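> Sharing a structure, written as structure tokens. Questions coming.
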Amino acid sequence: MTAVKPALLSLSTAELDAWLAGRDAPPYRRKQVLAWATRGSTTFQHMRDVPRVLRDELDASFRLSSLQPIARSDADRGLTTKTLYELDGGHTVEAVVMRYSDRSTLCISSQAGCPVGCPFCATGKFPFGRNLAAHEIEEQAVASARLLADEGRRLSHVVFMGMGEPFVNYDAVIDSVRRMSDPERLGISPRRIVVSTSGVIPRIEQLASEKLPVTLAVSLHAARDELRNVLVPINRKYPLKELIGVAQGYAEATGRRVSYEWVMLAGVNDTARDAKELGALLKGRPAHVNLIAFNPVDDTPYEAPSRASIREFRQRLVDGGLNVTLRDTRGREADAACGQLHERVMKQRVSA
Ligand code: SAH
Ligand code: SF4
């Protein structure tokens, strides 16, 4: 059996330089090869400004991507596209492209599965698979940028809100952010990249020291430890008060307002008491609350609140002095909450 060739983007920029130097190629070839590779070329022969001999050598040595698309679902009249990719070794991850009038956003995965295990989340229901390498994260963005380019659109924003807890895979996530923002690659400004975490305190502190101006989103979902211990089990290790202190430290260190995510679960975290507790926790701080209606997941005890109770909860927060937005529920039909397409395909595989 022939060994599988490595993916071109599995090389760091320095490794690619070394590979090219070993073939007596001038240093500027790197820029050309990276431009083609991150523009989503499907064959090395597309690299027109690269000499034939070098294209053949690249072809003999590398694959252009390690990701295999195995399922796709569209929703919102074509505005949302979710793709399930198989990674080397067989695990699968999802990436969701969302098209808006002024931007195109990719929701990206950092792990196959997630070890945090929040009980309302489809990703947490499966056994943890593995961490993604930086290039596997970057390749999701490359594939999505290509999909959008075919429609005359540009991938402008990336949110780490797909499968996995980015801060359990910190080094690869930070490497992937640096790669995606590299002007020789996709060139997406870090300011347009959101990293969402369930609250891994030491890594939030580390991020503050990276000098990387990404937006930090913290998945809060509850403003008292007793409830958050259940909804976001990592809270037992990293409790609320310390979490808010460190997240706001990030805001101070970077001058960037922190976003707090709140998945609304009927009768669980949408009551007057929850609004009051959340207000007490965040009032007067440079913070922003993002309310997300729960996207129903099979075999969980949770339900989405009615539109009226979502509006009421929102108004309570506004009256309490908080900045609040209501995130649109993009891609409900596309199984868009993280892990849902994966769940459906896995169930089909099991029953096939
Ligand atoms: N692990 C990270 C990032 C991935 S999850 C985190 O938890 O922040 C991204 C967001 O999707 C989180 O805010 C998460 O709580 C939310 N989410 C998970 N399952 C959901 C569901 N079924 N409906 C709506 N949002 C969900
Ligand atoms: Fe993991 Fe985030 Fe899902 Fe919780 S919500 S299980 S942290 S992916």
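How things are named: the first chain in the structure tokens is A, the next is B, and so on; residues count from 1 in each chain; ligands count from 1 in the order shown.
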Which residues are near ligand 2 - at most 10 Å, using only C-alpha atoms and all ligand atoms? Format: as number ranges by chain.
A: 109-126, 128, 160-168, 196-200, 218-221, 231-234, 263, 337-339
> When DSSP is applied to the backbone of this structure, which of region 22-241 of chain A are assigned strand (DSSP E or B)? Write them out as JSON, numbers by chain.
{"A": [63, 68, 69, 70, 71, 72, 73, 74, 75, 80, 81, 82, 83, 84, 85, 86, 92, 93, 94, 95, 96, 97, 98, 99, 104, 105, 106, 107, 111, 112, 130, 131, 157, 158, 159, 160, 193, 194, 195, 196, 197, 215, 216, 217, 218, 219]}
> Store the residues picked out above, limited to C-alpha atoms, as a JSON list (two decimals), in the first residue's frame.

```json
[["chain", "number", "residue", "atom", "x", "y", "z"],
["A", 63, "ARG", "CA", -1.96, 16.45, -1.41],
["A", 68, "GLN", "CA", -12.62, 14.97, 2.38],
["A", 69, "PRO", "CA", -16.10, 16.52, 2.09],
["A", 70, "ILE", "CA", -18.57, 13.69, 2.81],
["A", 71, "ALA", "CA", -21.93, 15.45, 3.36],
["A", 72, "ARG", "CA", -23.38, 18.85, 2.69],
["A", 73, "SER", "CA", -26.62, 20.52, 3.64],
["A", 74, "ASP", "CA", -28.01, 23.89, 2.58],
["A", 75, "ALA", "CA", -30.56, 26.01, 4.38],
["A", 80, "THR", "CA", -26.24, 28.76, 4.88],
["A", 81, "THR", "CA", -24.11, 25.80, 3.82],
["A", 82, "LYS", "CA", -22.84, 23.18, 6.19],
["A", 83, "THR", "CA", -20.19, 20.68, 5.13],
["A", 84, "LEU", "CA", -19.07, 17.59, 6.98],
["A", 85, "TYR", "CA", -15.42, 16.71, 6.37],
["A", 86, "GLU", "CA", -13.63, 13.47, 7.05],
["A", 92, "THR", "CA", -15.40, 13.99, 11.05],
["A", 93, "VAL", "CA", -15.88, 17.72, 11.66],
["A", 94, "GLU", "CA", -18.29, 20.36, 10.43],
["A", 95, "ALA", "CA", -17.84, 23.81, 8.95],
["A", 96, "VAL", "CA", -20.77, 26.17, 8.34],
["A", 97, "VAL", "CA", -20.70, 29.06, 5.85],
["A", 98, "MET", "CA", -23.20, 31.85, 6.52],
["A", 99, "ARG", "CA", -23.80, 34.52, 3.85],
["A", 104, "SER", "CA", -19.53, 35.96, 4.80],
["A", 105, "THR", "CA", -18.80, 34.13, 8.02],
["A", 106, "LEU", "CA", -17.38, 30.67, 8.57],
["A", 107, "CYS", "CA", -18.16, 28.72, 11.73],
["A", 111, "GLN", "CA", -11.71, 19.40, 17.58],
["A", 112, "ALA", "CA", -13.49, 16.24, 16.43],
["A", 130, "ARG", "CA", -9.10, 14.19, 18.68],
["A", 131, "ASN", "CA", -7.60, 17.65, 18.42],
["A", 157, "HIS", "CA", -15.11, 36.48, 9.17],
["A", 158, "VAL", "CA", -14.32, 33.29, 11.09],
["A", 159, "VAL", "CA", -15.91, 32.17, 14.35],
["A", 160, "PHE", "CA", -14.59, 29.23, 16.38],
["A", 193, "ILE", "CA", -11.93, 36.19, 14.05],
["A", 194, "VAL", "CA", -13.93, 35.21, 17.14],
["A", 195, "VAL", "CA", -12.64, 32.52, 19.50],
["A", 196, "SER", "CA", -15.45, 31.10, 21.64],
["A", 197, "THR", "CA", -14.63, 29.23, 24.85],
["A", 215, "THR", "CA", -12.47, 38.77, 19.73],
["A", 216, "LEU", "CA", -13.04, 36.61, 22.78],
["A", 217, "ALA", "CA", -16.48, 35.05, 23.28],
["A", 218, "VAL", "CA", -17.26, 33.28, 26.54],
["A", 219, "SER", "CA", -20.11, 30.77, 26.63]]
```
> Just want the 12 Å neighbourhood of Ala223 (chain A), counted on only C-alpha atoms, with same-chain residues fewer than 2 positions away dropped. Output as a ChimeraX atom specification.
/A:219-221,225-232,235,239-241,243-244,260-262,268-271,273-282
> Out of A:Glu15, A:Asp88, A:Glu151, A:Glu184, which residue has the shortest atom-to-atom distance to Tyr28 (chain A) when counting only C-alpha atoms?
A:Glu184
> I want to know what sits within 7 Å of region 301-312 of chain A, based on only C-alpha atoms, with residues of the same chain fewer than 4 positions away left out; could you give that as an MDAnalysis selection string?
chainID A and resid 120 264:266 293:296 316
> Using only C-alpha atoms and all ligand atoms for the distances, tell me which of A:Asp59, A:Met180, A:Asp24, A:Val173 is nearest to ligand 1.
A:Val173
> Find the residue from A:Leu132, A:Asp298, A:Arg314, A:Gln248 that sits nearest to Arg285 (chain A); use only C-alpha atoms when measuring.
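For Arg285 (chain A), the nearest of the given residues is A:Gln248.
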> As JSON, numbers by chain, please: every residue in region 160-267 of chain A that DSSP puts in helix (DSSP H, G or I).
{"A": [166, 167, 168, 170, 171, 172, 173, 174, 175, 176, 177, 178, 179, 180, 181, 190, 191, 192, 201, 202, 203, 204, 205, 206, 207, 208, 225, 226, 227, 228, 229, 230, 231, 233, 234, 235, 236, 240, 241, 242, 243, 244, 245, 246, 247, 248, 249, 250, 251, 252, 253, 254]}
> Counting only C-alpha atoms and all ligand atoms, which of A:Arg103, A:Arg327, A:Arg179, A:Arg55 gets nearest to ligand 1?
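Using only C-alpha atoms and all ligand atoms, ligand 1 sits closest to A:Arg327.
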> Please identify all polymer residues within 12 Å of Asp150 (chain A), counting only C-alpha atoms, omitting same-chain residues fewer than 4 positions from it, and present them as a PyMOL selection string.
chain A and resi 39-41+143-146+154-155
> What is the CA of Arg29 (chain A)-CA of Phe62 (chain A) distance in Å, reported with one decimal?
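Computing it gives 15.9 Å between the two atoms.
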> Let me make sure I understand: among A:Ala253, A:Leu326, A:Ile137, A:Ile108, which one has the smallest atom-to-atom distance to ligand 1 if we use only C-alpha atoms and all ligand atoms?
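Under the stated criterion, the closest residue is A:Ile108.
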> I'd like the interatomic distance between atom 15 (O, counted along the ligand's line) of ligand 1 and CA of Glu136 (chain A), to a tenth of an Å.
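Atom-to-atom, atom 15 (O, counted along the ligand's line) of ligand 1 to CA of Glu136 (chain A), that is 22.4 Å.
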